[in-house]
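S.K.: Next up is a structure, given as structure tokens.
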Amino acid sequence: MSGEKIIKNPEPEARDIKSVKRMKEIMTNYYIEAKTAKDQNKMVAWITSGGPVEPLIAMDVIPVYPENYGAMIGASHMAVQLCEIAEQMGYSRDLCGYARSDIAASATGGGPIPGGLPRPDFLVCCNNICGTVLKWYEVLARYFKVPLFIYDTPFIHTEFSEEAKKYVRQQTLEYTQFLEEQTGKKADYGRLEEVGRLSVQAMRLWQKVLDTCMHKPAPMTAFDAFFHLALIVTLRGKQVVIDYYSELLDELNDRIARGIGMIPNEKYRLLWDNLPVWFKTRWLSNKFASHDAALVASTYTNAWSSTVDLIDENDLAGSLGIASSSIYINVSIDKMLAELGTMIKKYEVDGLVMHSNRSCKPYSLGQYDIQKMVMKEFDIPALIIEADQVDERNFSESQIETRIDAFMETIKSKKR
Amino acid sequence: MKAMEIFYEISRDPYAYARKWKNQTGKKAVGYFCSYTPEELISGTGALPLRIFGTREHITCADSHLQSYCCSLVRGGLEDALTGRLAFLDGTVFPHTCDSIQRLSDIWRLNAGFPFHIDVILPVKLDTESARTYLLDVFHKFRRELEQELGPISDEKLSETIRLYNNIRRLLEEIYLMRSANPAVISGRDVYAVVKSAMVMDRNDLYGALRKTVDALKKESPAADNSKRIVLAGGVCNHPDIYSHLEKAGARVVWDELCTGTRYFEGMADESGDPVAALAQRYADRIVCPAKHCGADKRGRNLVDIVKNHQAQGVIFLILKFCDPHSFDYPYMKEYLDKKNIPSMLLELEEQLPAEGQLATRFESFIEML
Ligand code: SF4
Ligand code: SF4
Ligand code: SF4
């Protein structure tokens with residue numbers, strides 16, 4: 001950027017985000033609380049990442065997210081071992097790696113948390129992310145012999161029908177009843193509204209955090225956002241999320257003020273599509289950085305804030321299902337394209353990197369079409385890398401490296 | 001058997017049949033995926049509902065739209081659409097089932113260019129009041145959308161269609177029951193040809209042809225051989241060769257739990273009252289497929305019951321590679337069988353069957369165990 005004074009880039013250590021430490025503390029405390037739920041007379045519910053969690057928080061149930069655990073398992077390189085156990089149990093290697101890892105971890109107490117996740121008292125499955133979770137939670141329901149609530153969010157191909165809206169609204173009531181039965185407590189609607197407000201506030205803050213990357217150079221990258229995402233997924237509706245993201249936002253704004261970018265010499269800006277490759281985030285991040293490229297946004301991290309405007313804080317029960325149904329991967333590829341277009345412009349990116357994720361069919365099938373449409377309509381290069389969110393057996397480093405190098409050459413020659 | 005010829009002709013080349021049918025009748029043909037499509041509504045407009053199975057060979061176009069990790073049914077269907085082999089269709093219908101079909105619907109809508117495209121966004125659970133209400137709402141909506149494309153469907157016509165389908169289902173069931181009573185009465189290949197044609201053929205003609213077949217079968221009383229009794233479980237079977245391989249290895253299929261089988265014909269729709277409500281109830285009550293939820297283990301218990309009711313000695317799971325819903329159910333269903341000491345084997349189906357010798361050996365060693 002021409003008018004700005006070029007600040008000499010600080011050393012890598014100085015470029016680390018300081019809030020990370022606090023974030024780790026919060027997550028540790030959360031898992032300690034969940035593991036000791038019985039001692040505090042609290043119930044534990046396992047819930048899918050896109051599920052309506054606010055009613056659980058309002059009823060003092062501790063939500064636990066097997067998908068977050070799946071990410072931890074992937075990042076700590078424990079997925080292959082767990083997936084192989086699941087495969088011995090008869091689960092096909094072609095199934096989602098989160099599901100395989102978690103099913104094996106449930107059966108063996110494995111994974112990075114000693115003894116695994118705390119046992120659920122009941123399960124809540126929302127299929128707004130995929131059909132896999134439906135099958136996965138059925139497995140869990142049989143294994144733990146606990147009740148399962150399914151929150152069914154009809155897919156949006158061309159429209160969100162009135163029929164579907166009525167159906168999801170009705171399910172919010174059923175969900176509340178289910179929670180009353182499980183906890184033996186009456187639902188406190190005042191409390192629910194309160195939690196809803198905190199949740200909305202957290203989503204808006206999360207969006208602000210992500211939006212700091214509109215700035216050039218971006219004060220963080222999508223790889224950082226993947227890490228900081230854990231809070232909005234697991235604890236939205238709690239004050240601590242708001243406090244933390246406020247802190248993080250201050251830090252990022254301060255970096256902007258001081259001209260500190262995450263990538264030492266940001267020249268190219270990229271958008272990431274699909275889940276992270278959890279076991280390779282550092283490698284990928286360095287790889288792109290070596291080309292002076294920053295991944296400044298991702299469709300994945302955006303998914304936890306993009307529907308915030310659909311939530312009516314004064315009518316949480318009425319609007320929760322509408323928002324849950326409208327998230328990025330519960331809509332058709334033409335709707336995804338429109339959202340991508342908005343992001344491409346907003347973050348001023350030079351290219352799109354699509355992770356074709358063998359684990360996740362609903363996120364990945366259709367990417368070939370999206371790739372072509374993005375190149376045509378937005379005139380930017382788009383790269384597809386074949387990989388997997390956690391299963392390291394589906395990652396070929398040399399092949400991916402060659403493809404990234406070639407892609408970056410295209411971007412560079414285009415910008416020249 | 002003479003009555004069989006027509007079924008072989010149709011199942012070998014369903015598209016040729018449909019094209020000819022269109023030429024002769026001047027009516028429309030509608031392609032669909034999955035046995036959760038309420039075909040009766042399509043038939044009610046006078047159009048021909050035709051299940052798309054897709055090619056298994058020479059994929060040239062679909063690969064530039066689909067990654068390697070999607071099932072052959074989705075890939076083959078798209079291939080046929082993109083190469084123009086389905087060009088005779090007047091429209092296509094996608095019921096909401098699995099994640100792969102969900103995305104196929106988008107890709108299809110954006111690339112295949114049929115005159116109309118309807119998504120029937122079914123609920124994924126069928127065991128609650130509100131889900132059933134929603135299912136009914138969706139069927140009404142589907143009817144309205146079809147009517148827009150194909151003209152009005154009267155309630156009388158729909159009720160008549162329901163009766164026709166019930167009669168077809170009864171006859172299919174009768175064939176299955178006769179085979180269960182004496183598996184030598186009809187070959188697995190024949191049954192396959194019948195069921196596949198049932199999803200393609202003019203339904204009035206189908207009824208007539210089935211009637212003839214059942215009457216002919218009633219006259220046959222071949223000596224029962226001592227083949228082992230097998231149940232097939234899984235999704236779509238598009239490999240008629242499997243039956244001959246099994247029979248050669250000394251086993252006969254006595255029942256199945258396939259979409260190209262019992263899941264197609266089990267469960268009658270109520271013939272009195274509101275026809276759309278009757279249809280919705282049929283699809284809600286029918287034994288679930290793994291892409292739908294109705295309790296966490298209904299399919300497993302049902303499979304054990306099937307084995308018992310038909311005195312089967314073993315189960316063969318046929319699952320298309322990359323099929324998530326079926327692959328998730330397989331371990332527990334196998335476990336339920338194990339608990340009852342019912343032997344089972346898994347055959348994961350890719351586009352092509354394993355080499356003949358290899359398949360024969362696998363079947364033989366399994367059947368020897370029984
Ligand atoms: S990674 Fe994809 S398939 Fe797996 S649980 Fe998440 S959304 Fe579902
Ligand atoms: S398994 Fe289920 S979703 Fe697949 S075709 Fe059969 S009925 Fe349809
Ligand atoms: S075989 Fe499985 S993955 Fe393929 S369309 Fe049917 S249910 Fe879906």
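Naming works like this for the structure tokens: A, B, ... for the chains as they're shown, residue 1 at the start of each chain, ligands 1 onward in shown order.
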Could you find all residues in segment 216-340 of chain B that DSSP calls helix (DSSP H, G or I) from the backbone, and write them as a PyMOL selection string?
M.R.: chain B and resi 216-219+241-248+262-265+275-285+298-309+324-339
S.K.: Identify, counting only C-alpha atoms and all ligand atoms, the protein, DNA and RNA residues located within 8 Å of ligand 2, and give them as a ChimeraX atom specification.
M.R.: /B:33-36,96-98,234-236,258-260,263,288-292,325-326
S.K.: With only C-alpha atoms as the counted atoms, please give the residues lying no more than 7 Å from segment 157-166 of chain A, apart from itself and same-chain residues fewer than 6 positions off, as an NGL selection string.
M.R.: (:A and (322 or 331-332)) or (:B and (134 or 137))
S.K.: Could you name the residues that touch Ile316 of chain B at 6 Å or less, counting only C-alpha atoms, but leaving out those on the same chain fewer than 2 positions away, as a PDB file with N, CA, C and O atoms, in the first residue's frame?
M.R.:
ATOM      1  N   LEU B 232     -29.837 -60.827   0.858  1.00  0.00           N
ATOM      2  CA  LEU B 232     -28.974 -59.710   0.457  1.00  0.00           C
ATOM      3  C   LEU B 232     -29.419 -58.458   1.202  1.00  0.00           C
ATOM      4  O   LEU B 232     -30.611 -58.165   1.282  1.00  0.00           O
ATOM      5  N   SER B 344     -22.231 -63.671   7.976  1.00  0.00           N
ATOM      6  CA  SER B 344     -22.440 -62.650   6.951  1.00  0.00           C
ATOM      7  C   SER B 344     -21.122 -62.312   6.288  1.00  0.00           C
ATOM      8  O   SER B 344     -20.064 -62.575   6.841  1.00  0.00           O
ATOM      9  N   MET B 345     -21.227 -61.789   5.092  1.00  0.00           N
ATOM     10  CA  MET B 345     -20.028 -61.266   4.436  1.00  0.00           C
ATOM     11  C   MET B 345     -20.352 -59.932   3.772  1.00  0.00           C
ATOM     12  O   MET B 345     -21.509 -59.625   3.485  1.00  0.00           O
ATOM     13  N   LEU B 346     -19.310 -59.127   3.601  1.00  0.00           N
ATOM     14  CA  LEU B 346     -19.485 -57.813   2.989  1.00  0.00           C
ATOM     15  C   LEU B 346     -18.858 -57.802   1.606  1.00  0.00           C
ATOM     16  O   LEU B 346     -17.706 -58.205   1.437  1.00  0.00           O
TER      17      LEU B 346
END
S.K.: Kindly provide, as a PyMOL selection string, all nucleotide and amino acid residues lying within 6 Å of ligand 3, counting only C-alpha atoms and all ligand atoms.
M.R.: chain B and resi 71+73-74+98+100-101+235+320+323-325
S.K.: If the limit is 8 Å from any atom of ligand 1, counting only C-alpha atoms and all ligand atoms, which residues qualify? Return them as a list of chain:residue names.
M.R.: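 Answer in the requested format: A:Thr48, A:Ser49, A:Glu67, A:Leu95, A:Cys96, A:Gly97, A:Tyr98, A:Ala99, A:Ile129, A:Cys130, A:Gly131, A:Thr132, A:Val133, A:Leu275, A:Ile329, A:Ser359, A:Cys360, A:Lys361, A:Pro362, A:Tyr363, A:Gln389.
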S.K.: Between A:Tyr189, A:Trp283, A:Tyr245, A:Trp278, which is the closest to Ala79 of chain A once you count only C-alpha atoms?
M.R.: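 Among the listed residues, the smallest separation from Ala79 of chain A belongs to A:Trp278.
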S.K.: Thr161 of chain B: which residues within 12 Å, counting only C-alpha atoms, same-chain residues fewer than 4 positions away excluded, as a PDB file with N, CA and C atoms, in the first residue's frame?
M.R.:
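Generated output (result_2.pdb):
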ATOM      1  N   PRO B  38     -41.958 -40.385  -4.282  1.00  0.00           N
ATOM      2  CA  PRO B  38     -43.339 -40.860  -4.390  1.00  0.00           C
ATOM      3  C   PRO B  38     -43.753 -40.934  -5.860  1.00  0.00           C
ATOM      4  N   GLU B  39     -43.382 -42.030  -6.477  1.00  0.00           N
ATOM      5  CA  GLU B  39     -43.624 -42.247  -7.900  1.00  0.00           C
ATOM      6  C   GLU B  39     -45.080 -42.069  -8.287  1.00  0.00           C
ATOM      7  N   GLU B  40     -45.970 -42.412  -7.344  1.00  0.00           N
ATOM      8  CA  GLU B  40     -47.391 -42.349  -7.647  1.00  0.00           C
ATOM      9  C   GLU B  40     -47.794 -40.963  -8.135  1.00  0.00           C
ATOM     10  N   LEU B  41     -47.178 -39.937  -7.550  1.00  0.00           N
ATOM     11  CA  LEU B  41     -47.534 -38.579  -7.965  1.00  0.00           C
ATOM     12  C   LEU B  41     -47.113 -38.324  -9.405  1.00  0.00           C
ATOM     13  N   ILE B  42     -45.952 -38.862  -9.779  1.00  0.00           N
ATOM     14  CA  ILE B  42     -45.495 -38.691 -11.161  1.00  0.00           C
ATOM     15  C   ILE B  42     -46.436 -39.447 -12.104  1.00  0.00           C
ATOM     16  N   SER B  43     -46.691 -40.700 -11.756  1.00  0.00           N
ATOM     17  CA  SER B  43     -47.609 -41.495 -12.576  1.00  0.00           C
ATOM     18  C   SER B  43     -48.976 -40.843 -12.684  1.00  0.00           C
ATOM     19  N   GLY B  44     -49.392 -40.203 -11.607  1.00  0.00           N
ATOM     20  CA  GLY B  44     -50.698 -39.571 -11.560  1.00  0.00           C
ATOM     21  C   GLY B  44     -50.875 -38.497 -12.627  1.00  0.00           C
ATOM     22  N   THR B  45     -49.768 -37.910 -13.089  1.00  0.00           N
ATOM     23  CA  THR B  45     -49.872 -36.896 -14.145  1.00  0.00           C
ATOM     24  C   THR B  45     -49.950 -37.546 -15.518  1.00  0.00           C
ATOM     25  N   GLY B  46     -49.774 -38.863 -15.561  1.00  0.00           N
ATOM     26  CA  GLY B  46     -49.756 -39.547 -16.845  1.00  0.00           C
ATOM     27  C   GLY B  46     -48.335 -39.763 -17.352  1.00  0.00           C
ATOM     28  N   ALA B  47     -47.353 -39.168 -16.671  1.00  0.00           N
ATOM     29  CA  ALA B  47     -45.960 -39.325 -17.106  1.00  0.00           C
ATOM     30  C   ALA B  47     -45.394 -40.656 -16.616  1.00  0.00           C
ATOM     31  N   ILE B 153     -53.325 -33.118 -11.522  1.00  0.00           N
ATOM     32  CA  ILE B 153     -53.550 -34.501 -11.094  1.00  0.00           C
ATOM     33  C   ILE B 153     -54.833 -34.463 -10.265  1.00  0.00           C
ATOM     34  N   SER B 154     -55.841 -35.181 -10.684  1.00  0.00           N
ATOM     35  CA  SER B 154     -57.055 -35.163  -9.858  1.00  0.00           C
ATOM     36  C   SER B 154     -56.914 -36.184  -8.737  1.00  0.00           C
ATOM     37  N   ASP B 155     -57.679 -35.947  -7.668  1.00  0.00           N
ATOM     38  CA  ASP B 155     -57.644 -36.886  -6.542  1.00  0.00           C
ATOM     39  C   ASP B 155     -58.075 -38.282  -6.970  1.00  0.00           C
ATOM     40  N   GLU B 156     -59.076 -38.313  -7.905  1.00  0.00           N
ATOM     41  CA  GLU B 156     -59.573 -39.629  -8.357  1.00  0.00           C
ATOM     42  C   GLU B 156     -58.455 -40.382  -9.071  1.00  0.00           C
ATOM     43  N   LYS B 157     -57.779 -39.655  -9.952  1.00  0.00           N
ATOM     44  CA  LYS B 157     -56.694 -40.274 -10.722  1.00  0.00           C
ATOM     45  C   LYS B 157     -55.591 -40.752  -9.754  1.00  0.00           C
ATOM     46  N   TYR B 165     -50.493 -49.090  -7.939  1.00  0.00           N
ATOM     47  CA  TYR B 165     -49.179 -49.350  -7.315  1.00  0.00           C
ATOM     48  C   TYR B 165     -49.286 -50.407  -6.222  1.00  0.00           C
ATOM     49  N   ASN B 166     -50.355 -50.335  -5.445  1.00  0.00           N
ATOM     50  CA  ASN B 166     -50.527 -51.362  -4.406  1.00  0.00           C
ATOM     51  C   ASN B 166     -50.608 -52.740  -5.042  1.00  0.00           C
ATOM     52  N   ASN B 167     -51.360 -52.823  -6.146  1.00  0.00           N
ATOM     53  CA  ASN B 167     -51.484 -54.114  -6.818  1.00  0.00           C
ATOM     54  C   ASN B 167     -50.140 -54.591  -7.352  1.00  0.00           C
ATOM     55  N   ILE B 168     -49.384 -53.668  -7.904  1.00  0.00           N
ATOM     56  CA  ILE B 168     -48.041 -54.019  -8.384  1.00  0.00           C
ATOM     57  C   ILE B 168     -47.193 -54.535  -7.220  1.00  0.00           C
ATOM     58  N   ASP B 202     -44.061 -48.868 -18.124  1.00  0.00           N
ATOM     59  CA  ASP B 202     -45.410 -48.329 -18.010  1.00  0.00           C
ATOM     60  C   ASP B 202     -46.129 -49.146 -16.936  1.00  0.00           C
ATOM     61  N   ARG B 203     -46.660 -48.485 -15.929  1.00  0.00           N
ATOM     62  CA  ARG B 203     -47.102 -49.245 -14.756  1.00  0.00           C
ATOM     63  C   ARG B 203     -48.344 -50.092 -15.030  1.00  0.00           C
ATOM     64  N   ASN B 204     -49.164 -49.674 -15.989  1.00  0.00           N
ATOM     65  CA  ASN B 204     -50.301 -50.540 -16.338  1.00  0.00           C
ATOM     66  C   ASN B 204     -49.817 -51.812 -17.022  1.00  0.00           C
ATOM     67  N   TYR B 207     -48.247 -54.090 -14.553  1.00  0.00           N
ATOM     68  CA  TYR B 207     -49.199 -54.898 -13.794  1.00  0.00           C
ATOM     69  C   TYR B 207     -49.576 -56.160 -14.582  1.00  0.00           C
ATOM     70  N   ALA B 269     -50.008 -48.306   0.490  1.00  0.00           N
ATOM     71  CA  ALA B 269     -50.627 -47.035   0.845  1.00  0.00           C
ATOM     72  C   ALA B 269     -52.114 -47.289   1.065  1.00  0.00           C
ATOM     73  N   ASP B 270     -52.666 -46.580   2.020  1.00  0.00           N
ATOM     74  CA  ASP B 270     -54.086 -46.699   2.327  1.00  0.00           C
ATOM     75  C   ASP B 270     -54.905 -46.308   1.085  1.00  0.00           C
ATOM     76  N   GLU B 271     -55.878 -47.127   0.754  1.00  0.00           N
ATOM     77  CA  GLU B 271     -56.636 -46.847  -0.472  1.00  0.00           C
ATOM     78  C   GLU B 271     -57.876 -45.981  -0.236  1.00  0.00           C
ATOM     79  N   PRO B 275     -55.569 -39.106  -0.725  1.00  0.00           N
ATOM     80  CA  PRO B 275     -54.488 -39.882  -1.343  1.00  0.00           C
ATOM     81  C   PRO B 275     -53.084 -39.383  -0.997  1.00  0.00           C
ATOM     82  N   VAL B 276     -52.900 -38.081  -0.913  1.00  0.00           N
ATOM     83  CA  VAL B 276     -51.557 -37.585  -0.605  1.00  0.00           C
ATOM     84  C   VAL B 276     -51.173 -37.988   0.827  1.00  0.00           C
ATOM     85  N   ALA B 278     -52.228 -40.577   2.339  1.00  0.00           N
ATOM     86  CA  ALA B 278     -51.961 -42.015   2.327  1.00  0.00           C
ATOM     87  C   ALA B 278     -50.543 -42.290   1.846  1.00  0.00           C
ATOM     88  N   LEU B 279     -50.124 -41.542   0.838  1.00  0.00           N
ATOM     89  CA  LEU B 279     -48.763 -41.716   0.326  1.00  0.00           C
ATOM     90  C   LEU B 279     -47.721 -41.345   1.378  1.00  0.00           C
TER      91      LEU B 279
END
S.K.: Show me, as a tab-separated table, the residues of chain A having an atom within 7 Å of chain B, each with the closest atom pair and its distance in Å, using only C-alpha atoms.
M.R.:
residue	atom	partner	partner_atom	distance
A:Met89	CA	B:Pro331	CA	6.8
A:Gly90	CA	B:Pro331	CA	5.1
A:Tyr91	CA	B:Pro331	CA	6.4
A:Ser92	CA	B:Ser327	CA	6.1
A:Asp94	CA	B:Phe322	CA	5.8
A:Leu95	CA	B:Asp324	CA	6.1
A:Cys130	CA	B:Asp99	CA	6.4
A:Gly131	CA	B:Asp99	CA	5.9
A:Lys135	CA	B:Phe328	CA	6.1
A:Glu138	CA	B:Ala296	CA	5.3
A:Ala141	CA	B:Ala296	CA	6.8
A:Arg142	CA	B:Ala296	CA	6.6
A:Asp152	CA	B:Val124	CA	6.5
A:Pro154	CA	B:Ile121	CA	6.4
A:Phe155	CA	B:Ile121	CA	6.7
A:Glu163	CA	B:Asp137	CA	6.3
A:Tyr167	CA	B:Tyr134	CA	6.1
A:Gln170	CA	B:Ser130	CA	6.9
A:Ser332	CA	B:Asp106	CA	6.0
A:Ile333	CA	B:Asp106	CA	6.3
A:Arg358	CA	B:Tyr69	CA	6.6
A:Lys361	CA	B:Asp99	CA	6.4
A:Pro362	CA	B:Asp99	CA	5.3
A:Leu365	CA	B:Arg103	CA	6.1
A:Gly366	CA	B:Arg103	CA	6.2
A:Tyr368	CA	B:His65	CA	5.3
A:Asp369	CA	B:His65	CA	6.0
S.K.: Determine the nearest neighbour of Met199 of chain B from the options B:Glu351, B:Leu78, B:Ile52, B:Phe116, counting only C-alpha atoms.
M.R.: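 Among the listed residues, B:Ile52 lies closest to Met199 of chain B.
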S.K.: List as a PyMOL selection string the protein and nucleic acid residues near Ala71 of chain A, meaning an atom at most 12 Å away when only C-alpha atoms are counted, but skip any in the same chain fewer than 3 places from it.
M.R.: chain A and resi 49+65-68+74-79+97-99+101-102+111-112+226-227+229-230+233+275-281+388-391
S.K.: Can those selected residues be exported to a file as a CSV table (one decimal), in the first residue's frame so that it contains C-alpha atoms?
M.R.:
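The file below, part-v6.csv, is the result:
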chain,number,residue,atom,x,y,z
A,49,SER,CA,-20.8,-28.2,15.6
A,65,TYR,CA,-18.3,-31.4,20.6
A,66,PRO,CA,-16.9,-34.6,19.2
A,67,GLU,CA,-16.0,-32.6,16.1
A,68,ASN,CA,-13.8,-30.3,18.1
A,74,GLY,CA,-6.0,-34.5,13.9
A,75,ALA,CA,-3.8,-31.7,15.0
A,76,SER,CA,-2.0,-34.0,17.5
A,77,HIS,CA,-1.4,-36.6,14.8
A,78,MET,CA,-3.5,-39.2,16.5
A,79,ALA,CA,-6.1,-39.7,13.8
A,97,GLY,CA,-12.4,-39.0,9.6
A,98,TYR,CA,-13.9,-37.1,12.5
A,99,ALA,CA,-16.6,-39.8,12.8
A,101,SER,CA,-11.7,-41.0,15.1
A,102,ASP,CA,-14.4,-40.2,17.5
A,111,GLY,CA,-7.2,-39.2,21.9
A,112,PRO,CA,-5.3,-36.2,23.3
A,226,PHE,CA,-8.8,-22.1,12.6
A,227,PHE,CA,-7.3,-22.1,16.1
A,229,LEU,CA,-12.5,-20.7,16.1
A,230,ALA,CA,-12.8,-23.3,18.9
A,233,VAL,CA,-17.9,-23.4,18.3
A,275,LEU,CA,-12.1,-27.6,6.7
A,276,PRO,CA,-8.5,-27.2,7.6
A,277,VAL,CA,-6.0,-30.0,7.1
A,278,TRP,CA,-5.5,-30.2,10.8
A,279,PHE,CA,-2.3,-32.2,10.8
A,280,LYS,CA,-0.6,-29.9,8.2
A,281,THR,CA,-1.6,-26.4,9.1
A,388,ASP,CA,-8.2,-34.8,4.2
A,389,GLN,CA,-9.0,-33.0,7.4
A,390,VAL,CA,-7.5,-35.6,9.7
A,391,ASP,CA,-6.5,-38.8,7.9
S.K.: Just to confirm, what's the straight-line distance from atom CA of Leu198 of chain A to atom CA of Gln239 of chain A in Å (one decimal)?
M.R.: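 Atom CA of Gln239 of chain A lies 6.6 Å from atom CA of Leu198 of chain A.
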S.K.: Using backbone DSSP assignments, extract all strand (DSSP E) residues from segment 170-325 of chain A; output them as a PyMOL selection string.
M.R.: chain A and resi 268-273+293-298
S.K.: Could you state the separation of atom CA of Lys298 of chain B and atom CA of Leu134 of chain A in Å, given to one decimal place?
M.R.: 14.4 Å
S.K.: Just the residues within 12 Å of Ser365 of chain B, please, counting only C-alpha atoms, with nothing from its chain fewer than 2 positions along; format it as a list in words.
M.R.: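 Returned residues: Leu246, Ala249, Gly250, Ala251, Pro343, Ser344, Met345, Gln358, Leu359, Ala360, Thr361, Arg362, Phe363, Ile367, Glu368, Met369 and Leu370 of chain B.
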S.K.: Taking into account only C-alpha atoms, which residue in the set A:Pro381, A:Gly259, A:Gly196, A:Pro114 is nearest to Val349 of chain A?
M.R.: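 Between A:Pro381, A:Gly259, A:Gly196, A:Pro114, the residue approaching Val349 of chain A most closely is A:Pro381.
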S.K.: Using only C-alpha atoms, which residue out of B:Trp108, B:Tyr32, B:Phe53, B:Phe317 lies closest to Val93 of chain B?
M.R.: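 Of B:Trp108, B:Tyr32, B:Phe53, B:Phe317, the one nearest Val93 of chain B, counting only C-alpha atoms, is B:Tyr32.
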